[in-house]
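Source file: protein.csv (CSV, N, CA and C atoms)
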```csv
chain,number,residue,atom,x,y,z
A,150,MET,N,-30.6,1.5,3.5
A,150,MET,CA,-29.3,1.1,3.4
A,150,MET,C,-28.8,1.3,2.0
A,151,THR,N,-28.1,2.4,1.8
A,151,THR,CA,-27.7,2.8,0.4
A,151,THR,C,-26.2,2.8,0.3
A,152,GLU,N,-25.5,2.2,1.3
A,152,GLU,CA,-24.1,2.2,1.3
A,152,GLU,C,-23.6,1.0,0.4
A,153,LYS,N,-22.5,1.3,-0.4
A,153,LYS,CA,-22.0,0.2,-1.2
A,153,LYS,C,-21.4,-0.9,-0.3
A,154,ILE,N,-21.5,-2.1,-0.7
A,154,ILE,CA,-21.0,-3.3,0.0
A,154,ILE,C,-19.5,-3.5,-0.5
A,155,LYS,N,-18.7,-4.0,0.4
A,155,LYS,CA,-17.3,-4.3,0.1
A,155,LYS,C,-17.2,-5.8,-0.3
A,156,LEU,N,-16.7,-6.1,-1.5
A,156,LEU,CA,-16.6,-7.5,-1.9
A,156,LEU,C,-15.1,-7.8,-2.0
A,157,THR,N,-14.8,-9.1,-1.9
A,157,THR,CA,-13.4,-9.5,-2.2
A,157,THR,C,-13.2,-9.4,-3.7
A,158,ARG,N,-11.9,-9.5,-4.1
A,158,ARG,CA,-11.6,-9.4,-5.5
A,158,ARG,C,-12.2,-10.6,-6.2
A,159,GLU,N,-12.2,-11.8,-5.6
A,159,GLU,CA,-12.8,-13.0,-6.3
A,159,GLU,C,-14.3,-12.8,-6.4
A,160,GLN,N,-15.0,-12.2,-5.4
A,160,GLN,CA,-16.4,-12.0,-5.5
A,160,GLN,C,-16.8,-11.0,-6.6
A,161,ALA,N,-16.0,-9.9,-6.6
A,161,ALA,CA,-16.2,-8.9,-7.7
A,161,ALA,C,-16.0,-9.5,-9.1
A,162,ASP,N,-15.0,-10.3,-9.3
A,162,ASP,CA,-14.7,-10.9,-10.6
A,162,ASP,C,-15.9,-11.8,-11.0
A,163,ALA,N,-16.3,-12.6,-10.0
A,163,ALA,CA,-17.4,-13.6,-10.3
A,163,ALA,C,-18.7,-12.8,-10.6
A,164,LEU,N,-19.0,-11.8,-9.9
A,164,LEU,CA,-20.2,-11.0,-10.1
A,164,LEU,C,-20.1,-10.3,-11.5
A,165,GLU,N,-19.0,-9.7,-11.8
A,165,GLU,CA,-18.8,-9.1,-13.1
A,165,GLU,C,-19.0,-10.0,-14.3
A,166,MET,N,-18.5,-11.3,-14.1
A,166,MET,CA,-18.7,-12.3,-15.2
A,166,MET,C,-20.2,-12.6,-15.4
A,167,LEU,N,-20.9,-12.8,-14.3
A,167,LEU,CA,-22.3,-13.0,-14.3
A,167,LEU,C,-23.1,-11.9,-15.0
A,168,MET,N,-22.7,-10.7,-14.6
A,168,MET,CA,-23.4,-9.5,-15.1
A,168,MET,C,-23.2,-9.3,-16.6
A,169,GLU,N,-22.2,-9.9,-17.2
A,169,GLU,CA,-22.0,-9.8,-18.6
A,169,GLU,C,-23.1,-10.6,-19.4
A,170,VAL,N,-23.6,-11.6,-18.7
A,170,VAL,CA,-24.6,-12.5,-19.3
A,170,VAL,C,-26.0,-12.3,-18.8
A,171,TYR,N,-26.1,-12.1,-17.5
A,171,TYR,CA,-27.5,-12.0,-16.8
A,171,TYR,C,-27.7,-10.7,-16.2
A,172,GLY,N,-29.0,-10.4,-16.1
A,172,GLY,CA,-29.4,-9.2,-15.4
A,172,GLY,C,-29.5,-9.4,-13.9
A,173,PRO,N,-29.6,-8.3,-13.1
A,173,PRO,CA,-29.7,-8.4,-11.7
A,173,PRO,C,-30.8,-9.4,-11.1
A,174,ASP,N,-32.0,-9.3,-11.7
A,174,ASP,CA,-33.1,-10.1,-11.3
A,174,ASP,C,-32.7,-11.6,-11.5
A,175,GLU,N,-32.1,-11.9,-12.6
A,175,GLU,CA,-31.8,-13.3,-12.9
A,175,GLU,C,-30.7,-13.8,-11.9
A,176,ILE,N,-29.7,-13.0,-11.7
A,176,ILE,CA,-28.7,-13.4,-10.7
A,176,ILE,C,-29.2,-13.6,-9.3
A,177,ILE,N,-30.1,-12.7,-8.9
A,177,ILE,CA,-30.7,-12.9,-7.6
A,177,ILE,C,-31.6,-14.2,-7.5
A,178,ALA,N,-32.4,-14.4,-8.5
A,178,ALA,CA,-33.2,-15.6,-8.6
A,178,ALA,C,-32.4,-16.8,-8.5
A,179,GLU,N,-31.3,-16.9,-9.3
A,179,GLU,CA,-30.4,-18.0,-9.3
A,179,GLU,C,-29.7,-18.2,-7.9
A,180,HIS,N,-29.3,-17.1,-7.3
A,180,HIS,CA,-28.7,-17.1,-6.0
A,180,HIS,C,-29.6,-17.7,-5.0
A,181,ILE,N,-30.8,-17.3,-5.0
A,181,ILE,CA,-31.8,-17.8,-4.0
A,181,ILE,C,-32.1,-19.3,-4.3
A,182,GLU,N,-32.2,-19.6,-5.6
A,182,GLU,CA,-32.5,-21.0,-5.9
A,182,GLU,C,-31.4,-22.0,-5.6
A,183,ARG,N,-30.1,-21.7,-5.9
A,183,ARG,CA,-29.0,-22.6,-5.7
A,183,ARG,C,-27.7,-22.0,-5.7
A,184,TYR,N,-27.6,-20.7,-5.5
A,184,TYR,CA,-26.3,-20.0,-5.5
A,184,TYR,C,-25.6,-20.1,-6.9
A,185,CYS,N,-25.0,-19.1,-7.3
A,185,CYS,CA,-24.5,-19.1,-8.7
A,185,CYS,C,-23.0,-19.1,-8.8
A,186,GLY,N,-22.3,-19.4,-7.8
A,186,GLY,CA,-20.8,-19.5,-7.9
A,186,GLY,C,-20.3,-19.6,-6.5
A,187,THR,N,-19.3,-20.4,-6.3
A,187,THR,CA,-18.8,-20.8,-5.0
A,187,THR,C,-18.3,-19.5,-4.2
A,188,THR,N,-17.7,-18.6,-4.8
A,188,THR,CA,-17.2,-17.4,-4.1
A,188,THR,C,-18.4,-16.5,-3.7
A,189,LEU,N,-19.4,-16.5,-4.5
A,189,LEU,CA,-20.6,-15.7,-4.1
A,189,LEU,C,-21.5,-16.4,-3.0
A,190,ASN,N,-21.2,-17.6,-2.7
A,190,ASN,CA,-22.0,-18.3,-1.7
A,190,ASN,C,-21.8,-17.7,-0.3
A,191,LYS,N,-20.7,-17.0,-0.2
A,191,LYS,CA,-20.5,-16.3,1.1
A,191,LYS,C,-21.4,-15.1,1.3
A,192,LEU,N,-22.0,-14.6,0.3
A,192,LEU,CA,-22.9,-13.5,0.4
A,192,LEU,C,-24.3,-13.9,0.7
A,193,THR,N,-25.0,-13.1,1.5
A,193,THR,CA,-26.4,-13.4,1.7
A,193,THR,C,-27.2,-12.8,0.4
A,194,THR,N,-28.4,-13.2,0.3
A,194,THR,CA,-29.2,-12.7,-0.8
A,194,THR,C,-29.3,-11.2,-0.7
A,195,ALA,N,-29.5,-10.7,0.5
A,195,ALA,CA,-29.6,-9.2,0.7
A,195,ALA,C,-28.2,-8.5,0.3
A,196,GLU,N,-27.1,-9.1,0.6
A,196,GLU,CA,-25.8,-8.5,0.3
A,196,GLU,C,-25.6,-8.5,-1.2
A,197,LEU,N,-26.0,-9.6,-1.9
A,197,LEU,CA,-25.9,-9.7,-3.3
A,197,LEU,C,-26.8,-8.7,-4.0
A,198,ALA,N,-28.0,-8.5,-3.5
A,198,ALA,CA,-28.9,-7.5,-4.1
A,198,ALA,C,-28.3,-6.1,-3.9
A,199,ARG,N,-27.8,-5.8,-2.7
A,199,ARG,CA,-27.2,-4.5,-2.5
A,199,ARG,C,-26.0,-4.3,-3.4
A,200,ALA,N,-25.2,-5.3,-3.7
A,200,ALA,CA,-24.1,-5.2,-4.6
A,200,ALA,C,-24.5,-4.9,-6.0
A,201,LEU,N,-25.6,-5.5,-6.4
A,201,LEU,CA,-26.1,-5.4,-7.8
A,201,LEU,C,-26.8,-4.0,-8.0
A,202,PHE,N,-27.6,-3.6,-7.0
A,202,PHE,CA,-28.4,-2.4,-7.2
A,202,PHE,C,-27.8,-1.1,-6.6
A,203,VAL,N,-27.0,-1.2,-5.6
A,203,VAL,CA,-26.4,0.0,-5.0
A,203,VAL,C,-25.0,0.1,-5.5
A,204,GLY,N,-24.3,-1.0,-5.6
A,204,GLY,CA,-22.9,-1.0,-6.1
A,204,GLY,C,-22.0,-1.6,-5.0
A,205,TYR,N,-20.7,-1.7,-5.3
A,205,TYR,CA,-19.8,-2.3,-4.4
A,205,TYR,C,-18.4,-1.8,-4.7
A,206,THR,N,-17.6,-1.9,-3.7
A,206,THR,CA,-16.1,-1.6,-3.8
A,206,THR,C,-15.4,-2.9,-3.6
A,207,VAL,N,-14.2,-3.0,-4.1
A,207,VAL,CA,-13.4,-4.2,-4.0
A,207,VAL,C,-12.4,-4.1,-2.9
A,208,GLU,N,-12.4,-5.1,-2.0
A,208,GLU,CA,-11.5,-5.1,-0.9
A,208,GLU,C,-10.1,-5.5,-1.4
A,209,LEU,N,-9.1,-4.6,-1.1
A,209,LEU,CA,-7.8,-4.8,-1.6
A,209,LEU,C,-7.1,-5.9,-0.8
A,210,THR,N,-6.3,-6.7,-1.5
A,210,THR,CA,-5.4,-7.7,-0.8
A,210,THR,C,-4.2,-6.9,-0.2
A,211,GLU,N,-3.5,-7.6,0.7
A,211,GLU,CA,-2.4,-6.9,1.3
A,211,GLU,C,-1.3,-6.5,0.3
A,212,ALA,N,-1.1,-7.3,-0.7
A,212,ALA,CA,-0.2,-7.0,-1.8
A,212,ALA,C,-0.6,-5.7,-2.6
A,213,GLU,N,-1.9,-5.6,-2.8
A,213,GLU,CA,-2.5,-4.5,-3.5
A,213,GLU,C,-2.3,-3.2,-2.7
A,214,LYS,N,-2.6,-3.3,-1.4
A,214,LYS,CA,-2.4,-2.2,-0.4
A,214,LYS,C,-1.0,-1.7,-0.4
A,215,HIS,N,0.0,-2.7,-0.4
A,215,HIS,CA,1.4,-2.3,-0.4
A,215,HIS,C,1.8,-1.6,-1.7
A,216,GLU,N,1.2,-2.1,-2.8
A,216,GLU,CA,1.5,-1.5,-4.1
A,216,GLU,C,1.0,0.0,-4.1
A,217,LYS,N,-0.2,0.2,-3.6
A,217,LYS,CA,-0.7,1.6,-3.6
A,217,LYS,C,0.2,2.5,-2.7
A,218,VAL,N,0.7,2.0,-1.6
A,218,VAL,CA,1.6,2.8,-0.7
A,218,VAL,C,2.9,3.1,-1.5
A,219,LYS,N,3.4,2.1,-2.1
A,219,LYS,CA,4.6,2.2,-2.9
A,219,LYS,C,4.5,3.3,-4.0
A,220,GLU,N,3.3,3.2,-4.7
A,220,GLU,CA,3.0,4.2,-5.8
A,220,GLU,C,3.0,5.6,-5.2
A,221,ALA,N,2.3,5.8,-4.1
A,221,ALA,CA,2.2,7.1,-3.5
A,221,ALA,C,3.6,7.6,-3.1
A,222,TYR,N,4.4,6.7,-2.4
A,222,TYR,CA,5.7,7.0,-2.0
A,222,TYR,C,6.6,7.5,-3.1
A,223,TYR,N,6.7,6.7,-4.2
A,223,TYR,CA,7.5,7.0,-5.4
A,223,TYR,C,6.9,8.2,-6.2
A,224,GLY,N,5.6,8.4,-6.1
A,224,GLY,CA,5.0,9.5,-6.8
A,224,GLY,C,5.5,10.8,-6.2
A,225,TYR,N,5.6,10.9,-4.9
A,225,TYR,CA,6.2,12.1,-4.2
A,225,TYR,C,7.7,12.1,-4.4
A,226,LYS,N,8.4,11.0,-4.3
A,226,LYS,CA,9.8,11.0,-4.4
A,226,LYS,C,10.4,11.3,-5.8
A,227,LEU,N,9.7,10.9,-6.8
A,227,LEU,CA,10.1,11.0,-8.2
A,227,LEU,C,9.3,12.1,-8.9
A,228,GLY,N,8.4,12.7,-8.3
A,228,GLY,CA,7.6,13.7,-8.9
A,228,GLY,C,8.4,14.9,-9.4
A,229,THR,N,7.9,15.6,-10.5
A,229,THR,CA,8.6,16.7,-11.1
A,229,THR,C,8.6,17.9,-10.2
A,230,ALA,N,7.6,18.0,-9.2
A,230,ALA,CA,7.6,19.1,-8.3
A,230,ALA,C,8.1,18.7,-6.9
A,231,TYR,N,9.2,18.0,-6.9
A,231,TYR,CA,9.8,17.6,-5.6
A,231,TYR,C,10.1,18.8,-4.8
A,232,SER,N,9.6,18.8,-3.6
A,232,SER,CA,9.7,20.0,-2.7
A,232,SER,C,9.8,19.6,-1.3
A,233,THR,N,9.9,20.5,-0.4
A,233,THR,CA,9.9,20.3,1.0
A,233,THR,C,8.6,19.6,1.4
A,234,GLN,N,7.5,20.0,0.8
A,234,GLN,CA,6.2,19.4,1.1
A,234,GLN,C,6.3,17.9,0.7
A,235,ALA,N,6.9,17.6,-0.4
A,235,ALA,CA,7.0,16.2,-0.9
A,235,ALA,C,7.8,15.4,0.1
A,236,GLU,N,8.9,16.0,0.6
A,236,GLU,CA,9.8,15.4,1.6
A,236,GLU,C,9.0,15.0,2.9
A,237,HIS,N,8.1,15.9,3.3
A,237,HIS,CA,7.3,15.7,4.5
A,237,HIS,C,6.3,14.5,4.2
A,238,TYR,N,5.7,14.4,3.0
A,238,TYR,CA,4.8,13.3,2.7
A,238,TYR,C,5.6,12.0,2.7
A,239,ILE,N,6.8,12.0,2.1
A,239,ILE,CA,7.7,10.8,2.1
A,239,ILE,C,8.0,10.3,3.5
A,240,ARG,N,8.4,11.3,4.3
A,240,ARG,CA,8.7,11.0,5.7
A,240,ARG,C,7.5,10.5,6.5
A,241,GLY,N,6.3,11.1,6.2
A,241,GLY,CA,5.1,10.7,6.9
A,241,GLY,C,4.7,9.2,6.5
A,242,ILE,N,4.9,8.9,5.3
A,242,ILE,CA,4.6,7.5,4.8
A,242,ILE,C,5.5,6.5,5.5
A,243,SER,N,6.8,6.9,5.5
A,243,SER,CA,7.8,6.0,6.1
A,243,SER,C,7.6,5.8,7.6
A,244,ASP,N,7.3,7.0,8.3
A,244,ASP,CA,7.1,6.9,9.8
A,244,ASP,C,5.9,6.1,10.1
A,245,THR,N,4.8,6.3,9.3
A,245,THR,CA,3.5,5.6,9.6
A,245,THR,C,3.7,4.1,9.4
A,246,LEU,N,4.4,3.7,8.4
A,246,LEU,CA,4.7,2.3,8.2
A,246,LEU,C,5.5,1.7,9.3
A,247,ASP,N,6.5,2.5,9.8
A,247,ASP,CA,7.4,2.0,10.9
A,247,ASP,C,6.5,1.9,12.2
A,248,ILE,N,5.7,2.8,12.5
A,248,ILE,CA,4.8,2.8,13.6
A,248,ILE,C,3.9,1.6,13.6
A,249,LEU,N,3.3,1.3,12.4
A,249,LEU,CA,2.4,0.2,12.3
A,249,LEU,C,3.2,-1.2,12.1
A,250,GLU,N,4.5,-1.1,12.1
A,250,GLU,CA,5.4,-2.3,11.9
A,250,GLU,C,5.0,-3.0,10.6
A,251,ILE,N,4.9,-2.2,9.5
A,251,ILE,CA,4.6,-2.7,8.2
A,251,ILE,C,5.9,-2.5,7.4
A,252,LYS,N,6.4,-3.5,6.7
A,252,LYS,CA,7.6,-3.3,5.9
A,252,LYS,C,7.2,-3.5,4.4
A,253,ILE,N,7.5,-2.5,3.6
A,253,ILE,CA,7.3,-2.6,2.2
A,253,ILE,C,8.6,-2.4,1.4
A,254,GLU,N,8.9,-3.4,0.7
A,254,GLU,CA,10.2,-3.4,-0.1
A,254,GLU,C,10.2,-2.1,-0.9
A,255,GLY,N,11.4,-1.4,-0.8
A,255,GLY,CA,11.6,-0.2,-1.7
A,255,GLY,C,11.0,1.1,-1.0
A,256,VAL,N,10.3,0.9,0.1
A,256,VAL,CA,9.8,2.1,0.8
A,256,VAL,C,10.5,2.2,2.2
A,257,ASN,N,10.4,1.2,3.0
A,257,ASN,CA,11.0,1.2,4.3
A,257,ASN,C,11.6,-0.1,4.7
A,258,ALA,N,11.8,-1.0,3.7
A,258,ALA,CA,12.5,-2.3,4.0
A,258,ALA,C,13.6,-2.5,3.0
```

So, in terms of structure tokens, how does the structure I just supplied come out?
Amino acid sequence: MTEKIKLTREQADALEMLMEVYGPDEIIAEHIERYCGTTLNKLTTAELARALFVGYTVELTEAEKHEKVKEAYYGYKLGTAYSTQAEHYIRGISDTLDILEIKIEGVNA
């Protein structure tokens, strides 16, 4: 199992704080003994070990996802190489959001 685990933003922040002070072995030992932070309590020891040794990605919040879509939308709309292709990307983003019934202020709301 060498695939990175997905952590919440809170779990990633807690883990990064611990990693500034402790090594992976110490964090795992502490986790097994009595858990090392309330947000990390939701991880099993195996998940924590995978995050420490294989790596992890951060699960985006809905607001962060919306911001990424907005950045892509305006990147195409305001880009210096605005073209027919950019218009198609913009339309695709808007149509996809409409189909999924997702409204993002400044994009399709």

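What separates CA of His180 in chain A from atom C of Thr194 in chain A is a distance of 8.0 Å.
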
Do you have, as JSON lines, the list of residues of range 179-252 of chain A lying at most 12 Å from range 150-158 of chain A, each with its nearest atom pair and that distance in Å to one decimal, counting only C-alpha atoms and ordered by chain then number?
```
{"residue": "A:Thr188", "atom": "CA", "partner": "A:Thr157", "partner_atom": "CA", "distance": 9.0}
{"residue": "A:Leu189", "atom": "CA", "partner": "A:Leu156", "partner_atom": "CA", "distance": 9.4}
{"residue": "A:Lys191", "atom": "CA", "partner": "A:Leu156", "partner_atom": "CA", "distance": 10.1}
{"residue": "A:Leu192", "atom": "CA", "partner": "A:Leu156", "partner_atom": "CA", "distance": 9.0}
{"residue": "A:Thr193", "atom": "CA", "partner": "A:Ile154", "partner_atom": "CA", "distance": 11.6}
{"residue": "A:Ala195", "atom": "CA", "partner": "A:Ile154", "partner_atom": "CA", "distance": 10.5}
{"residue": "A:Glu196", "atom": "CA", "partner": "A:Ile154", "partner_atom": "CA", "distance": 7.1}
{"residue": "A:Leu197", "atom": "CA", "partner": "A:Ile154", "partner_atom": "CA", "distance": 8.7}
{"residue": "A:Ala198", "atom": "CA", "partner": "A:Ile154", "partner_atom": "CA", "distance": 9.8}
{"residue": "A:Arg199", "atom": "CA", "partner": "A:Ile154", "partner_atom": "CA", "distance": 6.8}
{"residue": "A:Ala200", "atom": "CA", "partner": "A:Ile154", "partner_atom": "CA", "distance": 5.9}
{"residue": "A:Leu201", "atom": "CA", "partner": "A:Ile154", "partner_atom": "CA", "distance": 9.6}
{"residue": "A:Phe202", "atom": "CA", "partner": "A:Lys153", "partner_atom": "CA", "distance": 9.1}
{"residue": "A:Val203", "atom": "CA", "partner": "A:Lys153", "partner_atom": "CA", "distance": 5.8}
{"residue": "A:Gly204", "atom": "CA", "partner": "A:Lys153", "partner_atom": "CA", "distance": 5.1}
{"residue": "A:Tyr205", "atom": "CA", "partner": "A:Lys153", "partner_atom": "CA", "distance": 4.6}
{"residue": "A:Thr206", "atom": "CA", "partner": "A:Lys155", "partner_atom": "CA", "distance": 4.9}
{"residue": "A:Val207", "atom": "CA", "partner": "A:Leu156", "partner_atom": "CA", "distance": 5.1}
{"residue": "A:Glu208", "atom": "CA", "partner": "A:Thr157", "partner_atom": "CA", "distance": 5.0}
{"residue": "A:Leu209", "atom": "CA", "partner": "A:Arg158", "partner_atom": "CA", "distance": 7.1}
{"residue": "A:Thr210", "atom": "CA", "partner": "A:Arg158", "partner_atom": "CA", "distance": 8.0}
{"residue": "A:Glu211", "atom": "CA", "partner": "A:Arg158", "partner_atom": "CA", "distance": 11.7}
{"residue": "A:Glu213", "atom": "CA", "partner": "A:Arg158", "partner_atom": "CA", "distance": 10.5}
```

* Asked: Suppose you want the space between CA of Ala161 in chain A and CA of Ile177 in chain A; what is it in Å?
  ->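 About the pair CA of Ala161 in chain A and CA of Ile177 in chain A: they are 15.0 Å apart.
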
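Nearest residue to Tyr238 in chain A among A:Ala221, A:Ala258, A:Ile251, A:Ile181 is A:Ala221, counting all atoms listed in the file.
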
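In this model, the gap between atom N of His215 in chain A and atom N of Leu227 in chain A comes to 17.9 Å.
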